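File shown here: protein_15.pdb, holding PDB, C-alpha atoms.
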```pdb
ATOM      1  CA  MET A   1     -15.367   7.701  15.209
ATOM      2  CA  ALA A   2     -14.070  10.667  17.177
ATOM      3  CA  LYS A   3     -13.151  13.870  15.373
ATOM      4  CA  GLY A   4      -9.468  13.237  15.994
ATOM      5  CA  GLU A   5      -9.639   9.856  14.269
ATOM      6  CA  TYR A   6     -11.203  11.386  11.176
ATOM      7  CA  LEU A   7      -8.511  14.050  11.069
ATOM      8  CA  ASP A   8      -5.787  11.416  11.467
ATOM      9  CA  LEU A   9      -7.094   9.533   8.419
ATOM     10  CA  TYR A  10      -7.148  12.772   6.451
ATOM     11  CA  LYS A  11      -3.590  13.643   7.491
ATOM     12  CA  GLN A  12      -2.276  10.222   6.536
ATOM     13  CA  MET A  13      -3.752  10.454   3.047
ATOM     14  CA  VAL A  14      -2.448  13.988   2.544
ATOM     15  CA  LEU A  15       0.968  12.929   3.830
ATOM     16  CA  ILE A  16       1.103  10.110   1.275
ATOM     17  CA  ARG A  17       0.043  12.471  -1.525
ATOM     18  CA  HIS A  18       2.672  15.094  -0.684
ATOM     19  CA  LEU A  19       5.365  12.450  -0.223
ATOM     20  CA  GLU A  20       4.660  11.026  -3.657
ATOM     21  CA  GLU A  21       4.557  14.418  -5.332
ATOM     22  CA  LYS A  22       7.898  15.330  -3.779
ATOM     23  CA  ALA A  23       9.350  11.928  -4.725
ATOM     24  CA  ALA A  24       8.405  12.550  -8.357
ATOM     25  CA  GLU A  25      10.050  15.973  -8.204
ATOM     26  CA  LEU A  26      13.247  14.538  -6.733
ATOM     27  CA  TYR A  27      13.275  11.733  -9.293
ATOM     28  CA  GLN A  28      13.139  14.227 -12.132
ATOM     29  CA  ALA A  29      15.971  16.149 -10.462
ATOM     30  CA  GLY A  30      18.094  12.993 -10.435
ATOM     31  CA  LYS A  31      18.089  12.644  -6.650
ATOM     32  CA  VAL A  32      16.010   9.448  -6.613
ATOM     33  CA  GLY A  33      17.296   6.548  -8.690
ATOM     34  CA  GLY A  34      15.959   3.228  -9.915
ATOM     35  CA  PHE A  35      12.256   2.662 -10.426
ATOM     36  CA  LEU A  36       9.586   4.825  -8.816
ATOM     37  CA  HIS A  37       5.955   3.705  -8.621
ATOM     38  CA  LEU A  38       3.665   6.381  -7.183
ATOM     39  CA  TYR A  39       0.604   5.763  -4.999
ATOM     40  CA  ILE A  40      -1.193   8.961  -6.024
ATOM     41  CA  GLY A  41      -4.923   8.249  -6.251
ATOM     42  CA  GLU A  42      -4.755   5.123  -4.084
ATOM     43  CA  GLU A  43      -4.213   6.807  -0.711
ATOM     44  CA  ALA A  44      -7.566   5.648   0.690
ATOM     45  CA  VAL A  45      -6.648   1.995   0.190
ATOM     46  CA  SER A  46      -3.708   1.547   2.542
ATOM     47  CA  THR A  47      -5.017   4.220   4.918
ATOM     48  CA  GLY A  48      -8.328   2.400   5.251
ATOM     49  CA  ILE A  49      -6.587  -0.949   5.656
ATOM     50  CA  PHE A  50      -4.331   0.233   8.458
ATOM     51  CA  ALA A  51      -7.253   1.919  10.212
ATOM     52  CA  ALA A  52      -8.710  -1.579  10.661
ATOM     53  CA  ARG A  53      -5.667  -3.810  11.212
ATOM     54  CA  GLU A  54      -4.182  -4.495  14.634
ATOM     55  CA  ALA A  55      -0.501  -4.022  15.445
ATOM     56  CA  ARG A  56      -0.051  -7.813  15.751
ATOM     57  CA  ASP A  57      -1.215  -8.346  12.162
ATOM     58  CA  HIS A  58       1.370  -8.779   9.411
ATOM     59  CA  VAL A  59       1.242  -6.615   6.289
ATOM     60  CA  ILE A  60       3.076  -7.415   3.073
ATOM     61  CA  THR A  61       2.766  -5.689  -0.282
ATOM     62  CA  ALA A  62       4.245  -5.236  -3.743
ATOM     63  CA  TYR A  63       6.485  -2.485  -5.137
ATOM     64  CA  ARG A  64       4.017   0.445  -4.934
ATOM     65  CA  ASP A  65       4.781   0.603  -1.252
ATOM     66  CA  HIS A  66       5.467   4.169  -0.081
ATOM     67  CA  GLY A  67       1.916   4.736   1.139
ATOM     68  CA  VAL A  68       1.905   1.444   3.002
ATOM     69  CA  ALA A  69       5.179   2.446   4.650
ATOM     70  CA  VAL A  70       3.631   5.731   5.808
ATOM     71  CA  ASN A  71       0.559   4.013   7.236
ATOM     72  CA  SER A  72       2.694   1.412   9.020
ATOM     73  CA  GLY A  73       4.231   4.215  11.044
ATOM     74  CA  ILE A  74       7.661   4.496   9.449
ATOM     75  CA  PRO A  75       8.812   8.130   9.832
ATOM     76  CA  VAL A  76       8.582  10.044   6.570
ATOM     77  CA  LYS A  77      12.186  11.215   6.926
ATOM     78  CA  ASN A  78      13.391   7.585   6.821
ATOM     79  CA  ILE A  79      11.169   6.849   3.829
ATOM     80  CA  MET A  80      12.567   9.884   2.014
ATOM     81  CA  ALA A  81      16.123   8.900   2.900
ATOM     82  CA  GLU A  82      15.501   5.424   1.509
ATOM     83  CA  LEU A  83      14.199   6.876  -1.737
ATOM     84  CA  MET A  84      17.429   8.852  -2.013
ATOM     85  CA  GLY A  85      19.580   5.825  -1.169
ATOM     86  CA  LYS A  86      20.926   7.153   2.119
ATOM     87  CA  ALA A  87      22.215   5.189   5.107
ATOM     88  CA  THR A  88      19.443   6.632   7.293
ATOM     89  CA  GLY A  89      16.779   5.094   5.070
ATOM     90  CA  ILE A  90      14.460   2.466   6.491
ATOM     91  CA  SER A  91      16.342  -0.192   4.497
ATOM     92  CA  LYS A  92      19.734   1.508   5.015
ATOM     93  CA  GLY A  93      19.684   2.815   1.447
ATOM     94  CA  ARG A  94      19.845  -0.709   0.025
ATOM     95  CA  GLY A  95      16.258  -1.115  -1.116
ATOM     96  CA  GLY A  96      15.124   2.182  -2.547
ATOM     97  CA  SER A  97      11.553   2.713  -3.649
ATOM     98  CA  MET A  98      10.448  -0.896  -4.008
ATOM     99  CA  HIS A  99      11.913  -2.544  -0.899
ATOM    100  CA  MET A 100      10.770  -0.691   2.188
ATOM    101  CA  ALA A 101      10.125  -2.837   5.246
ATOM    102  CA  ASP A 102      10.152  -2.698   9.016
ATOM    103  CA  ILE A 103       9.568  -6.037  10.714
ATOM    104  CA  SER A 104       9.414  -4.344  14.128
ATOM    105  CA  ARG A 105       6.088  -2.956  12.886
ATOM    106  CA  ASN A 106       5.069  -6.275  11.293
ATOM    107  CA  TYR A 107       5.472  -4.621   7.890
ATOM    108  CA  TRP A 108       7.270  -7.108   5.652
ATOM    109  CA  GLY A 109       7.732  -4.903   2.592
ATOM    110  CA  GLY A 110       7.877  -3.928  -0.443
ATOM    111  CA  HIS A 111       8.573  -6.699  -3.098
ATOM    112  CA  ALA A 112       9.662  -5.961  -6.646
ATOM    113  CA  VAL A 113       8.839  -9.262  -8.382
ATOM    114  CA  VAL A 114       5.157  -9.309  -9.353
ATOM    115  CA  GLY A 115       3.224 -11.719  -7.146
ATOM    116  CA  ALA A 116       6.317 -13.249  -5.543
ATOM    117  CA  HIS A 117       5.334 -12.071  -2.065
ATOM    118  CA  ILE A 118       1.966 -13.873  -2.161
ATOM    119  CA  PRO A 119       3.327 -17.320  -1.132
ATOM    120  CA  ILE A 120       5.355 -15.547   1.572
ATOM    121  CA  ALA A 121       2.061 -14.243   2.970
ATOM    122  CA  SER A 122       0.777 -17.798   3.169
ATOM    123  CA  GLY A 123       3.934 -18.711   5.077
ATOM    124  CA  LEU A 124       3.425 -15.881   7.563
ATOM    125  CA  ALA A 125      -0.184 -16.945   8.084
ATOM    126  CA  LEU A 126       0.816 -20.593   8.498
ATOM    127  CA  ALA A 127       3.229 -19.614  11.272
ATOM    128  CA  ASP A 128       0.485 -17.655  13.034
ATOM    129  CA  LYS A 129      -1.916 -20.571  12.771
ATOM    130  CA  MET A 130       0.639 -22.937  14.255
ATOM    131  CA  GLU A 131       1.323 -20.530  17.109
ATOM    132  CA  GLU A 132      -2.423 -19.873  17.634
ATOM    133  CA  ASN A 133      -1.813 -16.180  18.281
ATOM    134  CA  GLN A 134      -4.912 -14.752  16.541
ATOM    135  CA  SER A 135      -2.817 -12.622  14.178
ATOM    136  CA  VAL A 136      -3.905 -12.170  10.560
ATOM    137  CA  THR A 137      -1.694 -11.586   7.541
ATOM    138  CA  LEU A 138      -2.888  -8.861   5.166
ATOM    139  CA  CYS A 139      -1.418  -9.356   1.698
ATOM    140  CA  MET A 140      -1.778  -6.505  -0.814
ATOM    141  CA  PHE A 141      -1.167  -6.879  -4.550
ATOM    142  CA  GLY A 142      -2.298  -5.451  -7.866
ATOM    143  CA  GLU A 143      -4.852  -7.035 -10.169
ATOM    144  CA  GLY A 144      -2.088  -7.920 -12.619
ATOM    145  CA  ALA A 145      -0.577 -10.272 -10.039
ATOM    146  CA  THR A 146      -3.708 -12.441 -10.127
ATOM    147  CA  ASN A 147      -2.585 -13.676 -13.551
ATOM    148  CA  ILE A 148       0.681 -14.951 -12.078
ATOM    149  CA  GLY A 149       1.290 -18.495 -10.847
ATOM    150  CA  PHE A 150       2.420 -17.227  -7.433
ATOM    151  CA  PHE A 151      -1.116 -15.955  -6.819
ATOM    152  CA  HIS A 152      -2.812 -19.258  -7.500
ATOM    153  CA  GLU A 153      -0.276 -21.231  -5.479
ATOM    154  CA  GLY A 154      -0.538 -18.955  -2.461
ATOM    155  CA  VAL A 155      -4.321 -18.585  -2.497
ATOM    156  CA  ASN A 156      -4.878 -22.299  -3.041
ATOM    157  CA  LEU A 157      -2.687 -23.341  -0.100
ATOM    158  CA  ALA A 158      -4.297 -20.704   2.112
ATOM    159  CA  MET A 159      -7.692 -22.234   1.424
ATOM    160  CA  VAL A 160      -6.503 -25.828   1.747
ATOM    161  CA  TRP A 161      -4.968 -25.104   5.145
ATOM    162  CA  LYS A 162      -7.605 -22.531   6.230
ATOM    163  CA  LEU A 163      -4.937 -19.954   6.956
ATOM    164  CA  PRO A 164      -5.647 -16.610   8.693
ATOM    165  CA  VAL A 165      -4.881 -14.393   5.710
ATOM    166  CA  LEU A 166      -6.781 -11.545   4.080
ATOM    167  CA  TRP A 167      -5.987 -11.200   0.396
ATOM    168  CA  ILE A 168      -6.375  -7.581  -0.761
ATOM    169  CA  CYS A 169      -6.302  -6.931  -4.492
ATOM    170  CA  GLU A 170      -5.743  -3.265  -5.322
ATOM    171  CA  ASN A 171      -7.414  -3.084  -8.714
ATOM    172  CA  ASN A 172      -6.195   0.250 -10.058
ATOM    173  CA  GLN A 173      -7.526  -0.635 -13.525
ATOM    174  CA  TYR A 174      -4.171  -1.171 -15.274
ATOM    175  CA  GLY A 175      -1.405  -3.755 -14.986
ATOM    176  CA  MET A 176       1.365  -1.523 -16.343
ATOM    177  CA  GLY A 177      -0.491  -0.442 -19.492
ATOM    178  CA  THR A 178      -2.978  -3.294 -19.847
ATOM    179  CA  SER A 179      -6.543  -3.242 -18.535
ATOM    180  CA  PRO A 180      -7.849  -6.399 -16.779
ATOM    181  CA  GLU A 181     -10.318  -6.969 -19.633
ATOM    182  CA  ARG A 182      -7.407  -7.602 -21.984
ATOM    183  CA  ALA A 183      -5.411  -9.856 -19.663
ATOM    184  CA  SER A 184      -7.859 -11.733 -17.441
ATOM    185  CA  ALA A 185     -10.200 -14.515 -18.528
ATOM    186  CA  VAL A 186     -12.834 -13.405 -15.996
ATOM    187  CA  SER A 187     -14.509 -10.019 -15.829
ATOM    188  CA  LYS A 188     -14.209  -9.507 -12.059
ATOM    189  CA  ILE A 189     -11.099 -10.293 -10.041
ATOM    190  CA  ILE A 190     -13.124 -11.662  -7.114
ATOM    191  CA  GLN A 191     -14.222 -14.524  -9.361
ATOM    192  CA  LYS A 192     -10.694 -15.915  -9.080
ATOM    193  CA  ALA A 193     -11.048 -16.201  -5.309
ATOM    194  CA  CYS A 194     -14.495 -17.738  -5.665
ATOM    195  CA  GLY A 195     -12.897 -20.379  -7.847
ATOM    196  CA  TYR A 196     -11.109 -21.648  -4.744
ATOM    197  CA  GLY A 197     -14.285 -21.569  -2.653
ATOM    198  CA  MET A 198     -13.089 -18.481  -0.796
ATOM    199  CA  PRO A 199     -15.416 -15.717   0.484
ATOM    200  CA  ALA A 200     -14.803 -12.681  -1.720
ATOM    201  CA  TYR A 201     -15.996  -9.078  -1.655
ATOM    202  CA  ASP A 202     -15.423  -5.847  -3.526
ATOM    203  CA  VAL A 203     -15.299  -2.320  -2.129
ATOM    204  CA  ASP A 204     -14.912   1.263  -3.353
ATOM    205  CA  GLY A 205     -11.214   1.982  -2.931
ATOM    206  CA  MET A 206     -11.723   5.727  -3.286
ATOM    207  CA  ASP A 207     -13.682   5.790  -0.005
ATOM    208  CA  VAL A 208     -11.367   5.434   2.998
ATOM    209  CA  LEU A 209     -14.196   4.655   5.421
ATOM    210  CA  ALA A 210     -15.665   1.986   3.155
ATOM    211  CA  VAL A 211     -12.258   0.307   2.953
ATOM    212  CA  ARG A 212     -11.790   0.496   6.715
ATOM    213  CA  ASP A 213     -15.210  -1.003   7.428
ATOM    214  CA  MET A 214     -14.791  -3.788   4.885
ATOM    215  CA  VAL A 215     -11.358  -4.774   6.185
ATOM    216  CA  ALA A 216     -12.539  -4.624   9.805
ATOM    217  CA  ALA A 217     -15.455  -6.970   9.064
ATOM    218  CA  ARG A 218     -13.260  -9.459   7.243
ATOM    219  CA  LEU A 219     -10.575  -9.464   9.945
ATOM    220  CA  LYS A 220     -13.189 -10.144  12.613
ATOM    221  CA  GLU A 221     -14.461 -13.195  10.752
ATOM    222  CA  ILE A 222     -10.968 -14.489  10.037
ATOM    223  CA  ARG A 223     -10.025 -14.229  13.726
ATOM    224  CA  GLU A 224     -13.167 -16.195  14.516
ATOM    225  CA  GLY A 225     -11.904 -19.041  12.338
ATOM    226  CA  SER A 226     -13.446 -18.454   8.905
ATOM    227  CA  GLY A 227     -10.202 -19.144   7.082
ATOM    228  CA  PRO A 228      -8.859 -16.876   4.325
ATOM    229  CA  GLN A 229     -10.951 -14.184   2.671
ATOM    230  CA  PHE A 230     -10.495 -11.955  -0.361
ATOM    231  CA  ILE A 231     -11.228  -8.278  -1.070
ATOM    232  CA  GLU A 232     -11.054  -6.539  -4.428
ATOM    233  CA  VAL A 233     -10.474  -2.851  -3.756
ATOM    234  CA  CYS A 234     -11.543  -0.862  -6.812
ATOM    235  CA  THR A 235      -9.263   2.153  -7.096
ATOM    236  CA  TYR A 236      -7.358   4.153  -9.724
ATOM    237  CA  ARG A 237      -3.825   5.455 -10.042
ATOM    238  CA  PHE A 238      -3.695   9.046 -11.241
ATOM    239  CA  LYS A 239      -0.126   8.787 -12.542
ATOM    240  CA  GLY A 240       1.616   6.319 -14.819
ATOM    241  CA  HIS A 241       2.692   2.829 -13.852
ATOM    242  CA  SER A 242       6.143   4.224 -13.125
ATOM    243  CA  MET A 243       7.966   7.448 -13.908
ATOM    244  CA  GLY A 244       8.859   6.349 -17.440
ATOM    245  CA  ASP A 245       5.276   5.533 -18.437
ATOM    246  CA  PRO A 246       4.097   7.586 -21.477
ATOM    247  CA  GLU A 247       0.455   6.672 -20.638
ATOM    248  CA  ARG A 248      -0.669   6.085 -24.222
ATOM    249  CA  TYR A 249      -3.163   3.421 -23.139
ATOM    250  CA  ARG A 250      -5.702   5.768 -21.525
ATOM    251  CA  THR A 251      -7.244   9.126 -22.292
ATOM    252  CA  LYS A 252      -6.861  12.369 -20.373
ATOM    253  CA  ALA A 253     -10.637  12.475 -20.040
ATOM    254  CA  GLU A 254     -10.621   9.126 -18.242
ATOM    255  CA  VAL A 255      -7.979  10.267 -15.777
ATOM    256  CA  LYS A 256      -9.784  13.560 -15.198
ATOM    257  CA  LYS A 257     -13.003  11.720 -14.309
ATOM    258  CA  TYR A 258     -11.285   9.891 -11.457
ATOM    259  CA  VAL A 259      -9.173  12.848 -10.320
ATOM    260  CA  GLU A 260     -12.258  15.028  -9.922
ATOM    261  CA  ASN A 261     -13.668  12.506  -7.446
ATOM    262  CA  GLY A 262     -10.399  11.464  -5.838
ATOM    263  CA  PRO A 263     -10.120   9.952  -2.358
ATOM    264  CA  ILE A 264      -8.688  12.992  -0.581
ATOM    265  CA  ASP A 265     -11.109  15.524  -2.059
ATOM    266  CA  ARG A 266     -14.022  13.174  -1.390
ATOM    267  CA  PHE A 267     -13.025  12.664   2.243
ATOM    268  CA  ARG A 268     -12.343  16.376   2.713
ATOM    269  CA  LYS A 269     -15.847  17.166   1.487
ATOM    270  CA  PHE A 270     -17.300  14.503   3.785
ATOM    271  CA  LEU A 271     -15.519  15.956   6.819
ATOM    272  CA  MET A 272     -16.717  19.476   6.098
ATOM    273  CA  GLU A 273     -20.321  18.584   5.275
ATOM    274  CA  LYS A 274     -21.049  15.677   7.627
ATOM    275  CA  ASN A 275     -18.733  16.298  10.567
ATOM    276  CA  SER A 276     -18.669  20.090  10.757
ATOM    277  CA  ILE A 277     -14.892  20.237  10.412
ATOM    278  CA  SER A 278     -13.815  23.642   9.148
ATOM    279  CA  GLU A 279     -11.829  24.249   6.010
ATOM    280  CA  LYS A 280      -9.365  26.170   8.183
ATOM    281  CA  THR A 281      -8.670  23.052  10.255
ATOM    282  CA  LEU A 282      -8.007  20.962   7.148
ATOM    283  CA  ASN A 283      -5.826  23.666   5.624
ATOM    284  CA  GLU A 284      -3.748  23.717   8.806
ATOM    285  CA  ILE A 285      -3.192  19.973   8.452
ATOM    286  CA  ASP A 286      -2.117  20.532   4.852
ATOM    287  CA  LYS A 287       0.468  23.078   6.042
ATOM    288  CA  GLU A 288       1.728  20.714   8.754
ATOM    289  CA  VAL A 289       2.240  18.027   6.146
ATOM    290  CA  GLU A 290       4.080  20.376   3.798
ATOM    291  CA  LYS A 291       6.460  21.282   6.629
ATOM    292  CA  GLU A 292       6.979  17.618   7.531
ATOM    293  CA  ILE A 293       7.822  16.749   3.931
ATOM    294  CA  GLN A 294      10.275  19.632   3.634
ATOM    295  CA  GLU A 295      11.997  18.575   6.854
ATOM    296  CA  ALA A 296      12.171  15.012   5.539
ATOM    297  CA  VAL A 297      13.863  16.184   2.350
ATOM    298  CA  GLU A 298      16.407  18.204   4.339
ATOM    299  CA  PHE A 299      17.071  15.194   6.576
ATOM    300  CA  ALA A 300      17.601  12.910   3.583
ATOM    301  CA  GLU A 301      19.823  15.345   1.702
ATOM    302  CA  ASN A 302      22.017  15.824   4.781
ATOM    303  CA  SER A 303      22.243  12.098   5.513
ATOM    304  CA  PRO A 304      25.388  10.105   4.616
ATOM    305  CA  GLU A 305      25.692   7.662   1.772
ATOM    306  CA  PRO A 306      26.015   3.989   2.793
ATOM    307  CA  ALA A 307      29.619   3.126   3.629
ATOM    308  CA  ASP A 308      31.572   0.897   1.241
ATOM    309  CA  GLU A 309      32.293  -1.564   4.054
ATOM    310  CA  ASP A 310      28.547  -2.104   4.530
ATOM    311  CA  LEU A 311      28.159  -3.523   1.019
ATOM    312  CA  PHE A 312      28.359  -7.153   2.127
ATOM    313  CA  LYS A 313      26.471  -6.834   5.401
ATOM    314  CA  ASN A 314      23.044  -8.386   5.975
ATOM    315  CA  ILE A 315      23.374 -10.798   3.052
ATOM    316  CA  TYR A 316      23.921 -14.059   4.935
ATOM    317  CA  VAL A 317      22.763 -15.098   8.383
ATOM    318  CA  GLU A 318      25.671 -15.068  10.804
ATOM    319  CA  GLU A 319      25.604 -17.703  13.518
TER     320      GLU A 319
END
```
What does this structure look like when you write it as structure tokens?
Amino acid sequence: MAKGEYLDLYKQMVLIRHLEEKAAELYQAGKVGGFLHLYIGEEAVSTGIFAAREARDHVITAYRDHGVAVNSGIPVKNIMAELMGKATGISKGRGGSMHMADISRNYWGGHAVVGAHIPIASGLALADKMEENQSVTLCMFGEGATNIGFFHEGVNLAMVWKLPVLWICENNQYGMGTSPERASAVSKIIQKACGYGMPAYDVDGMDVLAVRDMVAARLKEIREGSGPQFIEVCTYRFKGHSMGDPERYRTKAEVKKYVENGPIDRFRKFLMEKNSISEKTLNEIDKEVEKEIQEAVEFAENSPEPADEDLFKNIYVEE
């Protein structure tokens, strides 16, 4: 990779982190409503995924979707406006935190119902197979969704029909407040994919380059006709499940262990030690991101509320 590519990965992760920290601040100030699920600690996952996917590939995810929106190329100001329910938001202020999407970028959202988007991913992949266009659908979901019927239906059909889909389980160690050991009959999530005869792999989700390389290898094989494949990305969320989570199910010591070796700090250290990138250069990127976030907040706060007459638009297809 060229130096610029490394720096772009770093900037994307820092941008996600600052966006989420500001979103939490605005939520506590009453400027962001509804539910808010932060991606802090998982920045290397979506950043690594998008570093490997091609623009023609579809991406669909669950409700912890702000980072995915950033990586898909949606301007941060439109993400911030959506969080604040403004008409300039990427979903016109209708979706909020959990329903960000931009089909012009082949990013299909942002889905609030656990696991419900998994069969949709199979549908997207089926369409691509029928059109023979070499596109792959990347479907992201949490480990808790693998206990849901939607998961088994979608994964089973993908294997039966040999669909071009890459299943990506973001195992952040807790489904709301329950660890996989207490909710799953198998000890490793990839075993569930193996049960359908599907190639399955795991990867360190705190290492952005490891995620990128794993996803790139799987996409290559899928395009060559392997059929669906499965990745378990082992990561960790630093914050609660959502803003109202009291976090009584884990210790501060456990969180501290992961925070001290978080994805951004790890990548920053790698860039400085292995690629001779100066601390000054990285600090300048940090300042650029801070400015971009502040400008996004100002844009969102100065944006109009959705008009009353827009309430019933985009509900039914008009012929």
- Query: Nearest to Gly85 (chain A) among A:Ala125, A:Ala193, A:Val32, A:Leu38, with distances taken over all atoms listed in the file: which residue is it?
  - Reply: A:Val32
The centre and edge lengths of an axis-aligned box containing all atoms of region 174-182 of chain A present in the file, extended by 6 Å on each side, are to be given in Å to one decimal, as AutoDock Vina command-line options.
```
--center_x -4.5 --center_y -4.0 --center_z -18.5 --size_x 23.7 --size_y 19.2 --size_z 19.0
```
- Query: What is the CA of Gln191 (chain A)-CA of Ser179 (chain A) distance in Å, reported with one decimal?
  - Reply: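 Taking CA of Gln191 (chain A) as the start and CA of Ser179 (chain A) as the end point, the length is 16.4 Å.
Counting only C-alpha atoms and comparing A:Ser242, A:Ser184, A:Ser104, A:Ser226, the residue that lies closest to Gly34 (chain A) is A:Ser242.
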- Task: May I ask which of the residues A:Ser91, A:His111, A:Pro228, A:Glu170 is the closest one to Asn156 (chain A), counting all atoms listed in the file?
- Result: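 For Asn156 (chain A), the nearest of the given residues is A:Pro228.
Considering all atoms listed in the file, the residue among A:Leu311, A:Leu219, A:Leu126, A:Leu209 positioned nearest to Glu5 (chain A) is A:Leu209.
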- Message: Evaluated on this file, the PyMOL selection byres ((chain A and resi 166) around 9) picks out some residues - which ones are they, written as a list in words?
- Response: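 That selection, the PyMOL selection byres ((chain A and resi 166) around 9), comes back as Val136, Thr137, Leu138, Cys139, Met140, Pro164, Val165, Trp167, Ile168, Val215, Arg218, Leu219, Ile222, Gly227, Pro228, Gln229, Phe230 and Ile231 of chain A.
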What are the closest atom pairs, with distances in Å to one decimal, for all residues of region 212-257 of chain A lying within 12 Å of region 60-64 of chain A? Consider all atoms listed in the file, order rows by chain and residue number, and present the result as CSV.
```
residue,atom,partner,partner_atom,distance
A:Arg237,CA,A:Arg64,CA,10.6
A:Gly240,CA,A:Arg64,CA,11.7
A:His241,CA,A:Arg64,CA,9.3
A:Ser242,CA,A:Arg64,CA,9.3
```
- Atomic separation - CA of Phe267 (chain A) relative to CA of Leu7 (chain A), Å: 10.0 Å
Give one line per residue of region 77-184 of chain A that approaches region 285-298 of chain A to at most 12 Å, naming the two atoms of the closest pair and their distance in Å to one decimal, counting only C-alpha atoms; sort by chain then ascending residue number and deliver it as JSON lines.
```
{"residue": "A:Lys77", "atom": "CA", "partner": "A:Ala296", "partner_atom": "CA", "distance": 4.0}
{"residue": "A:Asn78", "atom": "CA", "partner": "A:Ala296", "partner_atom": "CA", "distance": 7.6}
{"residue": "A:Ile79", "atom": "CA", "partner": "A:Ala296", "partner_atom": "CA", "distance": 8.4}
{"residue": "A:Met80", "atom": "CA", "partner": "A:Ala296", "partner_atom": "CA", "distance": 6.2}
{"residue": "A:Ala81", "atom": "CA", "partner": "A:Val297", "partner_atom": "CA", "distance": 7.6}
{"residue": "A:Glu82", "atom": "CA", "partner": "A:Val297", "partner_atom": "CA", "distance": 10.9}
{"residue": "A:Leu83", "atom": "CA", "partner": "A:Val297", "partner_atom": "CA", "distance": 10.2}
{"residue": "A:Met84", "atom": "CA", "partner": "A:Val297", "partner_atom": "CA", "distance": 9.2}
{"residue": "A:Lys86", "atom": "CA", "partner": "A:Val297", "partner_atom": "CA", "distance": 11.5}
{"residue": "A:Thr88", "atom": "CA", "partner": "A:Ala296", "partner_atom": "CA", "distance": 11.2}
{"residue": "A:Gly89", "atom": "CA", "partner": "A:Ala296", "partner_atom": "CA", "distance": 10.9}
```
- What is the distance between CA of Gly144 (chain A) and CA of Leu163 (chain A), in Å to one decimal?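 Spanning CA of Gly144 (chain A) to CA of Leu163 (chain A) is a straight-line distance of 23.2 Å.
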- Counting only C-alpha atoms, the residue of A:Asn172, A:Gln28, A:Asn302, A:Ser135 that sits nearest His58 (chain A):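 The shortest atom-to-atom distance to His58 (chain A) comes from A:Ser135.
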- Applied to this file, what does the PyMOL selection byres ((chain A and resi 67) around 9) return in terms of residues, put as an MDAnalysis selection string? chainID A and resid 12:13 15:17 19:20 38:40 42:43 46:47 64:66 68:72
Could you write out the selected residues, including C-alpha atoms, as an mmCIF file, keeping the file's coordinate frame?
```cif
data_model
loop_
_atom_site.group_PDB
_atom_site.id
_atom_site.type_symbol
_atom_site.label_atom_id
_atom_site.label_comp_id
_atom_site.auth_asym_id
_atom_site.auth_seq_id
_atom_site.Cartn_x
_atom_site.Cartn_y
_atom_site.Cartn_z
ATOM 1 C CA GLN A 12 -2.276 10.222 6.536
ATOM 2 C CA MET A 13 -3.752 10.454 3.047
ATOM 3 C CA LEU A 15 0.968 12.929 3.830
ATOM 4 C CA ILE A 16 1.103 10.110 1.275
ATOM 5 C CA ARG A 17 0.043 12.471 -1.525
ATOM 6 C CA LEU A 19 5.365 12.450 -0.223
ATOM 7 C CA GLU A 20 4.660 11.026 -3.657
ATOM 8 C CA LEU A 38 3.665 6.381 -7.183
ATOM 9 C CA TYR A 39 0.604 5.763 -4.999
ATOM 10 C CA ILE A 40 -1.193 8.961 -6.024
ATOM 11 C CA GLU A 42 -4.755 5.123 -4.084
ATOM 12 C CA GLU A 43 -4.213 6.807 -0.711
ATOM 13 C CA SER A 46 -3.708 1.547 2.542
ATOM 14 C CA THR A 47 -5.017 4.220 4.918
ATOM 15 C CA ARG A 64 4.017 0.445 -4.934
ATOM 16 C CA ASP A 65 4.781 0.603 -1.252
ATOM 17 C CA HIS A 66 5.467 4.169 -0.081
ATOM 18 C CA VAL A 68 1.905 1.444 3.002
ATOM 19 C CA ALA A 69 5.179 2.446 4.650
ATOM 20 C CA VAL A 70 3.631 5.731 5.808
ATOM 21 C CA ASN A 71 0.559 4.013 7.236
ATOM 22 C CA SER A 72 2.694 1.412 9.020
#
```
- Around (-1.4, -3.8, -19.2) in the file's frame, which residues reach within 12 Å when counting all atoms listed in the file? Return as a PyMOL selection string? chain A and resi 142-145+147+172-184+240-241+245+247-250
- Message: Just want the 10 Å neighbourhood of Asp202 (chain A), counted on all atoms listed in the file, with same-chain residues fewer than 4 positions away dropped. Output as a PyMOL selection string.
- Response: chain A and resi 168-169+171+188-190+211+214+230-234
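The residue that comes closest to Pro75 (chain A), out of A:Lys256, A:Lys162, A:His37, A:Arg105 and on the basis of all atoms listed in the file, is A:Arg105.
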- Item | Within 12 Å of Asn261 (chain A) using all atoms listed in the file, minus same-chain residues under 2 positions, as a PyMOL selection string | chain A and resi 41+205-207+235-236+238+254-259+263-270
- Message: Taking (26.5, 2.6, 5.1) as a centre in this file's frame and 10 Å as the limit, can you find every polymer residue with an atom that close, using only C-alpha atoms, and give them as a list in words?
- Response: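 Here is the list of nearby residues: Gly85, Lys86, Ala87, Thr88, Lys92, Gly93, Arg94, Pro304, Glu305, Pro306, Ala307, Asp308, Glu309, Asp310, Leu311 and Lys313 of chain A.
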- Residues in the PyMOL selection byres ((chain A and resi 152) around 12), expressed as a list of chain:residue names: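 Selection result, ordered by chain and number: A:Gly115, A:Ala116, A:Ile118, A:Pro119, A:Ser122, A:Ala145, A:Thr146, A:Asn147, A:Ile148, A:Gly149, A:Phe150, A:Phe151, A:Glu153, A:Gly154, A:Val155, A:Asn156, A:Leu157, A:Ala158, A:Met159, A:Val160, A:Trp167, A:Lys192, A:Ala193, A:Cys194, A:Gly195, A:Tyr196.
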